[in-house]
>>> print(open('my_file31.cif').read())   # mmCIF, C-alpha atoms and all ligand atoms
data_run
loop_
_atom_site.label_atom_id
_atom_site.label_comp_id
_atom_site.auth_asym_id
_atom_site.auth_seq_id
_atom_site.Cartn_x
_atom_site.Cartn_y
_atom_site.Cartn_z
CA MET C 847 28.46 137.97 77.75
CA THR C 848 32.01 139.14 77.10
CA ALA C 849 34.99 139.59 79.38
CA ASP C 850 34.57 143.36 78.95
CA GLU C 851 31.01 143.16 80.31
CA ALA C 852 31.92 140.84 83.18
CA ARG C 853 35.18 142.49 84.28
CA GLY C 854 33.77 145.44 86.25
CA PRO C 855 31.01 143.66 88.19
CA LEU C 856 33.32 140.74 88.98
CA ALA C 857 36.08 143.07 90.15
CA ILE C 858 33.70 144.55 92.75
CA LEU C 859 32.68 141.10 93.97
CA TYR C 860 36.30 139.88 94.07
CA GLN C 861 37.37 142.98 96.01
CA GLU C 862 34.71 142.41 98.66
CA LEU C 863 35.58 138.72 98.88
CA ASP C 864 39.29 139.52 99.23
CA ALA C 865 38.45 141.90 102.09
CA ALA C 866 36.30 139.27 103.84
CA VAL C 867 39.05 136.66 103.43
CA ALA C 868 41.68 139.11 104.73
CA GLU C 869 39.51 139.73 107.79
CA ALA C 870 39.38 135.97 108.43
CA GLY C 871 43.20 136.04 108.25
CA PRO C 872 44.20 132.70 106.71
CA ARG C 873 47.92 132.02 106.50
CA CYS C 874 49.53 130.99 103.21
CA ALA C 875 52.67 128.87 103.57
CA LEU C 876 53.30 129.10 99.79
CA SER C 877 53.16 125.31 99.49
CA GLY C 878 51.43 125.69 96.11
CA ARG C 879 49.47 122.50 96.76
CA CYS C 880 46.11 124.29 96.41
CA CYS C 881 46.78 124.77 92.66
CA ARG C 882 48.00 121.19 92.16
CA PHE C 883 44.48 119.87 92.24
CA GLU C 884 45.05 116.15 92.10
CA GLU C 885 47.75 116.25 94.76
CA TYR C 886 45.50 118.28 97.04
CA GLY C 887 42.38 116.27 96.23
CA HIS C 888 40.12 119.04 94.99
CA THR C 889 38.69 120.48 91.80
CA LEU C 890 38.48 124.17 90.98
CA PHE C 891 35.04 125.06 89.63
CA LEU C 892 34.27 128.42 88.08
CA SER C 893 31.44 130.08 86.18
CA ALA C 894 31.49 131.15 82.53
CA PRO C 895 31.95 134.90 83.31
CA GLU C 896 34.87 134.14 85.64
CA ALA C 897 36.45 131.97 82.96
CA ALA C 898 35.99 134.70 80.35
CA VAL C 899 37.79 137.26 82.53
CA LEU C 900 40.54 134.80 83.50
CA LEU C 901 41.24 133.97 79.86
CA ALA C 902 41.14 137.59 78.75
CA ASP C 903 43.16 139.17 81.56
CA ALA C 904 45.65 136.58 82.81
CA PRO C 905 49.07 136.42 81.17
CA PRO C 906 49.64 133.43 78.87
CA PRO C 907 49.99 130.28 80.98
CA SER C 908 53.48 128.83 81.10
CA ARG C 909 52.47 125.20 81.24
CA PRO C 910 50.27 123.11 78.93
CA LEU C 911 46.75 122.03 79.74
CA ASP C 912 46.28 118.74 81.49
CA ASP C 913 43.16 116.86 82.53
CA GLY C 914 42.62 118.82 85.71
CA LEU C 915 45.70 117.70 87.65
CA THR C 916 47.15 121.21 87.97
CA CYS C 917 46.53 124.80 86.96
CA PRO C 918 48.56 126.03 83.97
CA TRP C 919 49.00 129.46 85.62
CA GLN C 920 51.03 128.09 88.51
CA ASP C 921 54.72 128.85 87.94
CA ALA C 922 57.68 126.61 88.74
CA ALA C 923 57.97 128.17 92.20
CA GLY C 924 54.33 127.31 92.97
CA ARG C 925 53.05 130.87 92.65
CA CYS C 926 49.96 132.06 90.79
CA THR C 927 50.78 134.12 87.70
CA ALA C 928 47.11 135.06 87.21
CA ARG C 929 46.47 136.67 90.59
CA GLU C 930 44.47 139.71 89.46
CA ALA C 931 42.20 137.62 87.22
CA ARG C 932 41.89 134.50 89.37
CA PRO C 933 38.35 133.31 90.07
CA LEU C 934 36.35 133.18 93.28
CA GLY C 935 37.36 129.61 94.15
CA CYS C 936 41.07 130.56 94.15
CA ARG C 937 40.44 133.60 96.31
CA VAL C 938 38.52 131.79 99.02
CA TYR C 939 40.63 128.66 99.27
CA PHE C 940 43.56 128.30 101.72
CA CYS C 941 45.04 125.17 103.26
CA ASP C 942 45.44 126.83 106.70
CA PRO C 943 43.72 124.46 109.16
CA ASP C 944 42.75 127.41 111.40
CA TYR C 945 40.75 128.90 108.50
CA GLU C 946 39.05 125.67 107.42
CA GLY C 947 35.83 126.51 109.26
CA ARG C 948 35.48 129.91 107.55
CA ALA C 949 36.01 128.91 103.92
CA PRO C 950 32.66 127.11 103.36
CA GLU C 951 30.64 130.02 104.75
CA LEU C 952 32.55 132.61 102.70
CA SER C 953 32.39 130.44 99.62
CA GLU C 954 28.64 129.91 99.96
CA ARG C 955 27.93 133.59 100.62
CA PHE C 956 29.92 134.88 97.67
CA LEU C 957 28.82 132.12 95.32
CA ALA C 958 25.22 133.09 96.06
CA ARG C 959 26.09 136.69 95.19
CA LEU C 960 27.83 135.60 92.01
CA LYS C 961 24.83 133.50 91.00
CA ALA C 962 22.49 136.45 91.61
CA LEU C 963 24.77 138.73 89.57
CA VAL C 964 24.93 136.28 86.67
CA ALA C 965 21.17 135.61 86.72
CA GLY C 966 20.38 139.33 86.99
CA ARG C 967 22.44 140.09 83.89
CA GLY C 968 21.16 137.10 81.95
CA TRP C 969 24.69 135.71 81.54
CA PRO C 970 25.37 131.98 81.13
CA TRP C 971 26.26 130.26 84.42
CA GLY C 972 28.38 127.45 82.92
CA TYR C 973 29.77 126.32 86.27
CA ALA C 974 32.41 123.69 85.45
CA PRO C 975 35.94 122.54 86.35
CA LEU C 976 38.77 124.81 85.21
CA HIS C 977 40.21 122.31 82.75
CA ARG C 978 36.84 121.99 80.98
CA HIS C 979 36.69 125.76 80.44
CA LEU C 980 40.28 125.77 79.23
CA ARG C 981 39.81 122.85 76.87
CA ASP C 982 36.73 124.55 75.39
CA ALA C 983 38.79 127.74 75.02
CA ALA C 984 41.62 125.81 73.35
CA ALA C 985 39.14 124.29 70.90
CA ARG C 986 37.92 127.83 70.05
CA GLY C 987 41.51 129.08 69.74
CA ASP C 988 41.13 131.32 72.82
CA PHE C 989 43.77 129.68 75.02
CA ARG C 990 47.11 131.43 74.68
CA GLY C 991 49.32 128.87 76.42
CA PRO C 992 50.97 125.72 75.13
CA THR C 993 48.32 123.16 74.25
CA PRO C 994 48.64 119.41 73.91
CA PRO C 995 47.69 117.87 70.55
CA ASP C 996 44.39 116.56 72.00
CA ALA C 997 43.28 119.95 73.38
CA GLY C 998 40.07 120.02 71.36
CA ARG C 999 39.01 116.65 72.66
CA PRO C 1000 36.01 116.81 75.05
CA ARG C 1001 36.64 115.66 78.65
S1 LIG C 1101 44.50 130.74 88.80
FE1 LIG C 1101 46.20 130.99 90.20
S2 LIG C 1101 45.36 130.63 92.28
FE2 LIG C 1101 43.90 129.79 90.78
S3 LIG C 1101 44.46 127.63 90.59
FE3 LIG C 1101 45.55 128.76 88.96
S4 LIG C 1101 47.60 129.22 89.82
FE4 LIG C 1101 46.21 128.66 91.53
#
>>> encode(input="my_file31.cif", output="structure tokens")
Amino acid sequence: MTADEARGPLAILYQELDAAVAEAGPRCALSGRCCRFEEYGHTLFLSAPEAAVLLADAPPPSRPLDDGLTCPWQDAAGRCTAREARPLGCRVYFCDPDYEGRAPELSERFLARLKALVAGRGWPWGYAPLHRHLRDAAARGDFRGPTPPDAGRPR
């Protein structure tokens, strides 16, 4: 599976998810906490095809990899610099308390569709935290951002 193979089918799924999220109408206060994982107390998981598209299509990250504390595509103002290529978990997640009840249902529904898509195409699932995908990519030389000296070390 390559990013070129995954891009089109994922774009359709992402578009439908974005529409479903827009219908639910969560508010974003631009706090940026959702991408500072440790501070917000959550971990962003994504599948291998999502990671392939993120790595291929996002601009080079501005910050170095860490051990899952933050996302390297979040800029100094707290904004996502990888919006078009961001994975399902980023699209469905908002810290708006009025939306909290909707996120699990949307997440479950679209994850099930993603799983079916991946299985149907015989792609690897590889569901893992973002920093694991990025560390693997750094070890392969596929991560275009600044990397710490221990980037090839397994976590
Ligand atoms: S890809 Fe974008 S939305 Fe997703 S965690 Fe990183 S900065 Fe946040």
>>> residues_near_ligand(input="my_file31.cif", ligand="ligand LIG 1101 (chain C)", cutoff="6 Å", atoms="only C-alpha atoms and all ligand atoms", output="count of residues only")
9
>>> residues_around(input="my_file31.cif", residues="Pro975 in chain C", least_positions_apart="3", cutoff="8 Å", atoms="only C-alpha atoms", output="short mmCIF file (atom, residue, chain, number, x, y, z; two decimals) with C-alpha atoms, in the coordinates of the input")
data_model
loop_
_atom_site.label_atom_id
_atom_site.label_comp_id
_atom_site.auth_asym_id
_atom_site.auth_seq_id
_atom_site.Cartn_x
_atom_site.Cartn_y
_atom_site.Cartn_z
CA THR C 889 38.69 120.48 91.80
CA LEU C 890 38.48 124.17 90.98
CA PHE C 891 35.04 125.06 89.63
CA LEU C 892 34.27 128.42 88.08
CA GLY C 914 42.62 118.82 85.71
CA ARG C 978 36.84 121.99 80.98
CA HIS C 979 36.69 125.76 80.44
#
>>> residues_around(input="my_file31.cif", residues="Arg925 in chain C", least_positions_apart="6", cutoff="12 Å", atoms="all atoms listed in the file", output="MDAnalysis selection string")
chainID C and resid 874:882 908 917:919
>>> closest_residue(input="my_file31.cif", among="C:Ala857, C:Phe883, C:Pro895, C:Ala962", to="Asp912 in chain C", atoms="only C-alpha atoms")
C:Phe883
>>> atom_distance(input="my_file31.cif", atom1="CA of Leu934 in chain C", atom2="CA of Tyr860 in chain C")
6.7 Å
>>> residues_around(input="my_file31.cif", residues="Asp988 in chain C", least_positions_apart="5", cutoff="9 Å", atoms="all atoms listed in the file", output="PyMOL selection string")
chain C and resi 901-902+980+982-983
>>> atom_distance(input="my_file31.cif", atom1="CA of Arg955 in chain C", atom2="CA of Gly924 in chain C")
28.2 Å
>>> atom_distance(input="my_file31.cif", atom1="CA of Arg909 in chain C", atom2="CA of Gly935 in chain C")
20.4 Å
>>> closest_residue(input="my_file31.cif", among="C:Gly871, C:Leu960, C:Ala904, C:Pro943", to="Leu856 in chain C", atoms="all atoms listed in the file")
C:Leu960
>>> closest_residue(input="my_file31.cif", among="C:Arg937, C:His888, C:Arg967, C:Arg986", to="Ala852 in chain C", atoms="only C-alpha atoms")
C:Arg967
>>> residues_near_point(input="my_file31.cif", point="(45.0, 129.3, 101.8)", cutoff="8 Å", atoms="all atoms listed in the file", output="list in words")
Pro872, Arg873, Cys874, Ala875, Cys880, Val938, Tyr939, Phe940, Cys941, Asp942 and Tyr945 of chain C
>>> closest_residue(input="my_file31.cif", among="C:Ala894, C:Ala958, C:Leu900, C:Leu863", to="Arg990 in chain C", atoms="all atoms listed in the file")
C:Leu900
>>> build_atoms(input="my_file31.cif", residues="range 934-969 of chain C", atoms="N, CA and C atoms", output="mmCIF file, in the frame of the given file")
data_model
loop_
_atom_site.group_PDB
_atom_site.id
_atom_site.type_symbol
_atom_site.label_atom_id
_atom_site.label_comp_id
_atom_site.auth_asym_id
_atom_site.auth_seq_id
_atom_site.Cartn_x
_atom_site.Cartn_y
_atom_site.Cartn_z
ATOM 1 N N LEU C 934 36.801 133.197 91.884
ATOM 2 C CA LEU C 934 36.350 133.180 93.280
ATOM 3 C C LEU C 934 36.929 131.999 94.071
ATOM 4 N N GLY C 935 36.893 130.809 93.457
ATOM 5 C CA GLY C 935 37.360 129.610 94.150
ATOM 6 C C GLY C 935 38.812 129.722 94.592
ATOM 7 N N CYS C 936 39.651 130.377 93.793
ATOM 8 C CA CYS C 936 41.070 130.560 94.150
ATOM 9 C C CYS C 936 41.211 131.554 95.288
ATOM 10 N N ARG C 937 40.325 132.534 95.322
ATOM 11 C CA ARG C 937 40.440 133.600 96.310
ATOM 12 C C ARG C 937 40.026 133.141 97.705
ATOM 13 N N VAL C 938 39.094 132.193 97.741
ATOM 14 C CA VAL C 938 38.520 131.790 99.020
ATOM 15 C C VAL C 938 39.269 130.617 99.633
ATOM 16 N N TYR C 939 40.051 129.918 98.829
ATOM 17 C CA TYR C 939 40.630 128.660 99.270
ATOM 18 C C TYR C 939 42.031 128.824 99.860
ATOM 19 N N PHE C 940 42.236 128.335 101.079
ATOM 20 C CA PHE C 940 43.560 128.300 101.720
ATOM 21 C C PHE C 940 43.684 126.983 102.472
ATOM 22 N N CYS C 941 44.899 126.463 102.573
ATOM 23 C CA CYS C 941 45.040 125.170 103.260
ATOM 24 C C CYS C 941 45.314 125.344 104.748
ATOM 25 N N ASP C 942 45.232 126.572 105.277
ATOM 26 C CA ASP C 942 45.440 126.830 106.700
ATOM 27 C C ASP C 942 44.365 126.131 107.534
ATOM 28 N N PRO C 943 44.728 125.187 108.385
ATOM 29 C CA PRO C 943 43.720 124.460 109.160
ATOM 30 C C PRO C 943 42.904 125.378 110.077
ATOM 31 N N ASP C 944 43.491 126.494 110.531
ATOM 32 C CA ASP C 944 42.750 127.410 111.400
ATOM 33 C C ASP C 944 41.656 128.166 110.650
ATOM 34 N N TYR C 945 41.709 128.166 109.328
ATOM 35 C CA TYR C 945 40.750 128.900 108.500
ATOM 36 C C TYR C 945 39.685 127.963 107.923
ATOM 37 N N GLU C 946 39.922 126.667 108.052
ATOM 38 C CA GLU C 946 39.050 125.670 107.420
ATOM 39 C C GLU C 946 37.568 125.908 107.680
ATOM 40 N N GLY C 947 37.231 126.309 108.900
ATOM 41 C CA GLY C 947 35.830 126.510 109.260
ATOM 42 C C GLY C 947 35.197 127.702 108.557
ATOM 43 N N ARG C 948 36.014 128.675 108.149
ATOM 44 C CA ARG C 948 35.480 129.910 107.550
ATOM 45 C C ARG C 948 35.244 129.782 106.048
ATOM 46 N N ALA C 949 36.053 128.976 105.384
ATOM 47 C CA ALA C 949 36.010 128.910 103.920
ATOM 48 C C ALA C 949 34.631 128.520 103.374
ATOM 49 N N PRO C 950 33.960 127.487 103.929
ATOM 50 C CA PRO C 950 32.660 127.110 103.360
ATOM 51 C C PRO C 950 31.642 128.234 103.445
ATOM 52 N N GLU C 951 31.629 128.925 104.564
ATOM 53 C CA GLU C 951 30.640 130.020 104.750
ATOM 54 C C GLU C 951 30.925 131.155 103.763
ATOM 55 N N LEU C 952 32.188 131.531 103.637
ATOM 56 C CA LEU C 952 32.550 132.610 102.700
ATOM 57 C C LEU C 952 32.254 132.183 101.265
ATOM 58 N N SER C 953 32.591 130.959 100.964
ATOM 59 C CA SER C 953 32.390 130.440 99.620
ATOM 60 C C SER C 953 30.893 130.460 99.274
ATOM 61 N N GLU C 954 30.086 129.964 100.198
ATOM 62 C CA GLU C 954 28.640 129.910 99.960
ATOM 63 C C GLU C 954 28.059 131.311 99.778
ATOM 64 N N ARG C 955 28.465 132.215 100.665
ATOM 65 C CA ARG C 955 27.930 133.590 100.620
ATOM 66 C C ARG C 955 28.278 134.271 99.302
ATOM 67 N N PHE C 956 29.523 134.159 98.883
ATOM 68 C CA PHE C 956 29.920 134.880 97.670
ATOM 69 C C PHE C 956 29.492 134.158 96.397
ATOM 70 N N LEU C 957 29.368 132.837 96.480
ATOM 71 C CA LEU C 957 28.820 132.120 95.320
ATOM 72 C C LEU C 957 27.364 132.504 95.087
ATOM 73 N N ALA C 958 26.624 132.673 96.181
ATOM 74 C CA ALA C 958 25.220 133.090 96.060
ATOM 75 C C ALA C 958 25.148 134.465 95.408
ATOM 76 N N ARG C 959 26.055 135.352 95.795
ATOM 77 C CA ARG C 959 26.090 136.690 95.190
ATOM 78 C C ARG C 959 26.474 136.620 93.714
ATOM 79 N N LEU C 960 27.424 135.758 93.408
ATOM 80 C CA LEU C 960 27.830 135.600 92.010
ATOM 81 C C LEU C 960 26.675 135.067 91.172
ATOM 82 N N LYS C 961 25.973 134.075 91.729
ATOM 83 C CA LYS C 961 24.830 133.500 91.000
ATOM 84 C C LYS C 961 23.786 134.574 90.740
ATOM 85 N N ALA C 962 23.504 135.397 91.755
ATOM 86 C CA ALA C 962 22.490 136.450 91.610
ATOM 87 C C ALA C 962 22.942 137.462 90.548
ATOM 88 N N LEU C 963 24.230 137.795 90.563
ATOM 89 C CA LEU C 963 24.770 138.730 89.570
ATOM 90 C C LEU C 963 24.614 138.172 88.154
ATOM 91 N N VAL C 964 24.982 136.920 87.993
ATOM 92 C CA VAL C 964 24.930 136.280 86.670
ATOM 93 C C VAL C 964 23.478 136.171 86.192
ATOM 94 N N ALA C 965 22.592 135.753 87.101
ATOM 95 C CA ALA C 965 21.170 135.610 86.720
ATOM 96 C C ALA C 965 20.586 136.981 86.382
ATOM 97 N N GLY C 966 20.924 137.982 87.191
ATOM 98 C CA GLY C 966 20.380 139.330 86.990
ATOM 99 C C GLY C 966 20.782 139.930 85.642
ATOM 100 N N ARG C 967 21.960 139.558 85.182
ATOM 101 C CA ARG C 967 22.440 140.090 83.890
ATOM 102 C C ARG C 967 22.084 139.195 82.716
ATOM 103 N N GLY C 968 21.506 138.027 83.020
ATOM 104 C CA GLY C 968 21.160 137.100 81.950
ATOM 105 C C GLY C 968 22.364 136.449 81.300
ATOM 106 N N TRP C 969 23.480 136.339 82.063
ATOM 107 C CA TRP C 969 24.690 135.710 81.540
ATOM 108 C C TRP C 969 24.582 134.191 81.698
#
